[in-house]
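Visitor: First the structure, which I've put down as structure tokens, then a few questions once you've had a look.
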There are 2 protein chains.
Amino acid sequence: MMSVTSPAEHDSFHTQHAPLGAFSSFTVGLVGSPGGFGHALRGPARQNVYVGYKSADSGPWRLLPFFTPPQSAEVAFTGEAAVVRPSNEYAAMSADDYERVLGWASDTWRTRDGRFGFSILSPFGETKDPARMNKREARAAFSPHVAAWIEFDNTAGSADAELMFGVGDSDRLFRPLQDEDAKLLGFACNRDFGYATMPGRGIEARQGFDVFTPRFLDHRGLLLIGGESALVFRVPAGKKKRFPLVLAFFQGGLVTSGIDAVYAYTRWFTDLEDVLRHGLAVRKERERVAAQRDRELARSGLSEDQRFLIAQATHSYFGNSQLLWGKNGPIWVVNEGEYRMMNTFDLAVDQMFFELRWFPWAVRNILDLFASRYVYRDRIKLVDGRTAPGGVSFTHDMGVMNNFTPPGRSSYECDGLTGCFSHMTMEQLLNWVLTAVTYGVSTGDAGWLRRRKDLLLACAESMRRRDDPKVARRDGILKHDSDRCGRDGAEITTYDSLDVSLGQARNNLYLAVKTLGAWILLQEAFARLGSREHARAAASTADVLAASIVARFDEEAQCFPAVFEHGNRSRIIPAVEGFAYPLFLDIVSATDREGRFGVLLERLERHLRTVMVRGVCLDDTSGAWKMSSTSTNTWFSKIALSQYVVRSLFADTLGAEARAADAVHALWQRRPGCGANAMCDQIHSDTGVSCGSRYYPRGVTAYLWLRESGVAGKR
Amino acid sequence: MMSVTSPAEHDSFHTQHAPLGAFSSFTVGLVGSPGGFGHALRGPARQNVYVGYKSADSGPWRLLPFFTPPQSAEVAFTGEAAVVRPSNEYAAMSADDYERVLGWASDTWRTRDGRFGFSILSPFGETKDPARMNKREARAAFSPHVAAWIEFDNTAGSADAELMFGVGDSDRLFRPLQDEDAKLLGFACNRDFGYATMPGRGIEARQGFDVFTPRFLDHRGLLLIGGESALVFRVPAGKKKRFPLVLAFFQGGLVTSGIDAVYAYTRWFTDLEDVLRHGLAVRKERERVAAQRDRELARSGLSEDQRFLIAQATHSYFGNSQLLWGKNGPIWVVNEGEYRMMNTFDLAVDQMFFELRWFPWAVRNILDLFASRYVYRDRIKLVDGRTAPGGVSFTHDMGVMNNFTPPGRSSYECDGLTGCFSHMTMEQLLNWVLTAVTYGVSTGDAGWLRRRKDLLLACAESMRRRDDPKVARRDGILKHDSDRCGRDGAEITTYDSLDVSLGQARNNLYLAVKTLGAWILLQEAFARLGSREHARAAASTADVLAASIVARFDEEAQCFPAVFEHGNRSRIIPAVEGFAYPLFLDIVSATDREGRFGVLLERLERHLRTVMVRGVCLDDTSGAWKMSSTSTNTWFSKIALSQYVVRSLFADTLGAEARAADAVHALWQRRPGCGANAMCDQIHSDTGVSCGSRYYPRGVTAYLWLRESGVAGKR
């Protein structure tokens, strides 16, 4: 039922266990490391998490390795010079003691003897537009909690055993929930986060400077000034018991600037206690949904490594998801991992494949806010230093860290640059087109597509003008930078931190093929809208562009240069990225090897044969896929996207090494080099250590792999 | 005008610059250390603060030492392996370069050449009951901001100079205020805190990975993803310029549990921008008030060390102050420093002297909440293991870290203990009596005193029963512990972390004299209420108690033992603490050396002569006052309280060493051993290093010193 059994003796990675839309995670998993409840953080929280058991034969408490040796806060009160000695009442389990299984919607640790188990569930499913939900539906869909359970099989035991779930926070304190609500046993940090189970016989709440040997107990056996809290469950001799847990988040009031908004869940839940009670009430249903997702991934036909990567990426995606509510209704945001930029468009375009399957309204919501607030019109720079009218485009993002930027402006784009932090005018223009048409066509939301026809036409015109203002000189390839870049600046692509092979927008192979993808989709959209003339025009531009790209093929090198100027010799995999969209929409005419783009597809196949070898776009040291032959910075989400295209359209180009690389990519995420920050995207292809984009949502693009094998996830 | 000029070459201490009632501080001052904006923290925040100047002759930016070398976040974006090298564009000033002057309501740094100056103002004054304020008054009194200014004298300069005020936060980002409000130039972290000045010529907002050499600039010269922000002010050659700054805090929504409450200021201010605009508008008035407070302290006749201690303590008091608003109106809370316990009663009783001068309603507010929610009735333990009815008392505190505990329960008190964390039933009973009568008598609020008469009578009865349930056996001294302590527990006093000399409540010298103080005040209160019978009864108990204490005098040792049992040989200064209350209320009959307590006062004088010597209650190493001869843990706030009593009533007992100790106590707070956490209370008397009670409000008890010399502060 679980999708992945990984080699536990080496595994050490954090996973973000997160509800939908709360920008919150309960993060644990990295061996010997704290984690816990975090809201809007750039990485894991720093709470010790105590999960384990104590039985007749266990000696001290045996705990999963989710903590560092705790520093008791007692000394600050007693003024004693001596540091309180570490407890000898507990021991962390070693990798030999347990097995961890990460599913699509679950994460389970079991001791190898099978007696002890702990699991965190973050089920997800098809979710309809929150603007059209009633309160009951909304509570079911957007409760800001994750479910968990802890169990012990004491059927062979002759003495009672105990289970513990606890949290220690050095900066904050816990309050016992029973003070406010007799139906809840557990603890919360202020009104912000907490955990609970149902009160019952043999379940004890503990709190103190030390939850293993609490020395100071108030009238009900707690110590509110303690800083560590736990639930302890008794499992009688001869019994097997499983106890439910709810881990919840709540952030009330206005949380944003620029656009004033609250968390959507605050419309449907009054407070943290409400969420905890709800979580306990719906736990069976949540377990059912989690099991269903786990099953779907397990039966997908994908390899164990692929299933692990999808599961881990999905968890980090949800940790970055955020459903806000402003005066005009719901606002969907995906935050950009450690950078926390909001709805970065070059992430949105990749994440839409996953979102369209489960909550397509989220894609439309992003598109609409880009169209209303983050659209702009620019001029483009000519070679003679003058400028000409450019056209419509969209910002790189909508703000950063809950601060929405002013209309037409991103948090990222700067002037006068040619590398990182420059403008991405063409990139984001293409991203709006690709996302909009993919949304409209794949969901069948013809009404929306019709309402956006004028904007699509304006986008088409903008794309053409950036090729060249003079019609006669157009060949389909971007050749003019936005004047937003300033006199000395130049546009970049989403591959901002790679070398020039992928960074520069003008005359860029990746962007040219992506532009082709956009024209193919525009043709499809206009055709569906009954605008034959515009469809024909798009088709014609696509044909010209395809021919222009073909003409850039280097017969001698048997591949395309990454940039069509200055004798660039870089080799890149994302040459094929632009075909992901027609492929996803099953526009067969565009992907047919005997069809209108047959020549280009043939050249791309030869390109791939040339580059998908060790030392070019397979890393010399590790064998991993490299986006560019001339950079050791490679991005997992983009590997996943390319794999979808390459395995679907150019499967024959992959040798054994290229096919085996999934194991390398998975191993990276399983090791602390990436795993210390849950899913990571930018990775050194030689060492497997992350160099940016940590705690990152975009890996969920790997969801596309499920389309390769035609499984449950396929729509 | 400034009250203190301290030896800058050694000074290194944080000061909490805080508005009234916001539980927030802008903390800076410790050399080479971050600080900045903090809300509800247990110690200083960890933001780099950049304050300094750059002139033609300065070379790089010359900055006050409020930061550690910043780590640029740029590398996380660019994925480059190389760590971005520290800037050579700035240098921290050394202690030789500047002078720091801490006033009662200001903190000013000036370069020794007099050109550069920076000052943070936290003015305070007489504040009336917020429940009776109109909005205009409330905005004036409770605006959650502190004022500041920065200046440079460039009159002799031939080139423009620049000034900088900036903040860097590694975990959060800033948003430029100009996005929302053209009248503000500055930055904010979300909706929570920020700083601003008025836009004007020559004032620039900066933001980036590095505010000294920002490499990436957006359309208006900022970089929102940067993490560092600053205002840069130009001072033209030939000019001297001072620029105002406002540092503001805002925490919206419900912030507490147990009792649901918001910050009171959210009733009168809409958001952070509202506070910032208000702060700029009222800056002249705020400067005037700060200057007036500074002047009052400067002209108090107190020594430089005493003035420094009062100023530093007052700043930390305000940093812990919190005005909430619940469904029944205002709730005044003083948080307990690093422990963040709320309205800890044994702090409240000491802080009231300051509060009664400036905002006496705060004292009444605390008393009323203790009387309505944190009152309880117990039984007391008898020697034979049985219990008898005890009476009324009050909890140690009202909760911790914004979590109000349930009625009748504190966050601190545990069962079955004989030391730290045990119950303080008698201590807090006395504290309610002493605080209530001191409030009622000193303010003349006879109506309140009348309404509380029944409770005062219940307190008197409770005090008597704890002496002994049998009237005939009473001698006035506490001899029975509350049954809340459990079978094996015993009550403690506020001196919880000292040795048994002050920790045990039964037969305790400190508590006995404090009990006498309470009876003296009860007599006064009942007399004022026209209850002659109760006044007479209180007087009679006081006389019996005084005689009982006198009988404990050890003629051989020429002092009192700290505990009247088990042959205790500890010597303590707080033997005289109980006389602080009649002294404060000018109840001359009680403090008259020829009066009814003349014999006791004479014994206490001999006690002091014996203990106020090196090696007994003056520390052998440092010469500092020690609360107990047998503990090196001494508490500044209690030193201050004793000093008030000793210097007022027993001045002749102090030799040169005892009088000189203020210099030692001041030096402690000026050095990182305490100063790393602003005002500290529990201090190792030999080393001067804090061992608890950091970032602490109670030092404000030193305000009593102003009563010794009859100055402006005296009411």
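Numbering starts fresh at 1 for the residues of each chain in the structure tokens, the chains themselves are lettered A, B, ... in the order given, and ligands are numbered from 1 as they appear.
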According to DSSP computed on the backbone, where in region 383-468 of chain A is there strand (DSSP E)? Give the residues as a ChimeraX atom specification.
Guide: /A:387-394,399-400,403-404
Visitor: Write out as a ChimeraX atom specification each polymer residue whose atoms come within 12 Å of region 587-599 of chain B, counting only C-alpha atoms; drop sequence neighbours fewer than 3 positions from it.
Guide: /B:438,441-442,513,516-525,539-540,542-551,553,576,578-584,602-606,645-646,648-650
Visitor: If you run DSSP over the backbone, which residues in region 221-371 of chain A end up helix (DSSP H, G or I)? Put them as number ranges by chain.
Guide: A: 264-267, 272-281, 283-298, 304-319, 337-339, 345-358, 360-371
Visitor: Excluding same-chain residues fewer than 3 positions from Glu565 (chain B), what lies within 12 Å of it counting only C-alpha atoms, as a ChimeraX atom specification?
Guide: /B:479,500-501,504-509,552,560-562,568-570
Visitor: Check which residues of chain A sit at most 8 Å from chain B using only C-alpha atoms, and return one row each with the closest pair of atoms and their distance in Å to one decimal, ordered by chain and rising number, as a Markdown table.
Guide:
| residue | atom | partner | partner_atom | distance |
| --- | --- | --- | --- | --- |
| A:Leu41 | CA | B:Asp171 | CA | 7.9 |
| A:Arg42 | CA | B:Asp171 | CA | 7.4 |
| A:Val75 | CA | B:Gly692 | CA | 7.8 |
| A:Ala76 | CA | B:Gly692 | CA | 4.9 |
| A:Phe77 | CA | B:Gly692 | CA | 6.1 |
| A:Thr78 | CA | B:Ser497 | CA | 4.9 |
| A:Gly79 | CA | B:Cys691 | CA | 4.9 |
| A:Glu80 | CA | B:Cys691 | CA | 7.2 |
| A:Ala81 | CA | B:Cys691 | CA | 7.4 |
| A:Asp171 | CA | B:Arg42 | CA | 7.4 |
| A:Arg172 | CA | B:Met401 | CA | 7.8 |
| A:Leu173 | CA | B:Met401 | CA | 7.0 |
| A:Arg175 | CA | B:Asn403 | CA | 6.9 |
| A:Asp179 | CA | B:Pro406 | CA | 6.5 |
| A:Glu180 | CA | B:Gly258 | CA | 6.9 |
| A:Asn190 | CA | B:Asn403 | CA | 6.5 |
| A:Arg191 | CA | B:Ser257 | CA | 7.0 |
| A:Phe216 | CA | B:Cys414 | CA | 6.0 |
| A:Leu217 | CA | B:Cys414 | CA | 5.0 |
| A:Asp218 | CA | B:Cys414 | CA | 3.8 |
| A:His219 | CA | B:Asp415 | CA | 6.3 |
| A:Leu223 | CA | B:Ser411 | CA | 6.9 |
| A:Leu224 | CA | B:Ser411 | CA | 5.1 |
| A:Ile225 | CA | B:Ser411 | CA | 6.1 |
| A:Gly252 | CA | B:Gly253 | CA | 6.7 |
| A:Gly253 | CA | B:Gly253 | CA | 5.4 |
| A:Leu254 | CA | B:Gly252 | CA | 7.7 |
| A:Val255 | CA | B:Arg191 | CA | 7.3 |
| A:Thr256 | CA | B:Asn190 | CA | 6.7 |
| A:Ser257 | CA | B:Asn190 | CA | 6.6 |
| A:Gly258 | CA | B:Glu180 | CA | 6.9 |
| A:Tyr339 | CA | B:Ile225 | CA | 7.6 |
| A:Met341 | CA | B:Ile225 | CA | 7.9 |
| A:Val400 | CA | B:Ile225 | CA | 6.8 |
| A:Met401 | CA | B:Leu173 | CA | 7.0 |
| A:Asn402 | CA | B:Asn190 | CA | 7.0 |
| A:Asn403 | CA | B:Asn190 | CA | 6.5 |
| A:Thr405 | CA | B:Asp179 | CA | 7.7 |
| A:Pro406 | CA | B:Asp179 | CA | 6.5 |
| A:Ser411 | CA | B:Leu224 | CA | 5.1 |
| A:Tyr412 | CA | B:Ile225 | CA | 6.4 |
| A:Glu413 | CA | B:Asp218 | CA | 6.1 |
| A:Cys414 | CA | B:Asp218 | CA | 3.8 |
| A:Asp415 | CA | B:Asp218 | CA | 5.3 |
| A:Leu417 | CA | B:Phe216 | CA | 7.7 |
| A:Cys420 | CA | B:Thr78 | CA | 6.6 |
| A:Phe421 | CA | B:Phe216 | CA | 7.1 |
| A:Arg484 | CA | B:His219 | CA | 7.9 |
| A:Asp496 | CA | B:Thr78 | CA | 7.6 |
| A:Ser497 | CA | B:Thr78 | CA | 4.9 |
| A:Asn633 | CA | B:Gly79 | CA | 7.3 |
| A:Gln682 | CA | B:Gly79 | CA | 7.3 |
| A:Cys691 | CA | B:Gly79 | CA | 4.9 |
| A:Gly692 | CA | B:Ala76 | CA | 4.9 |
| A:Ser693 | CA | B:Ala76 | CA | 7.3 |
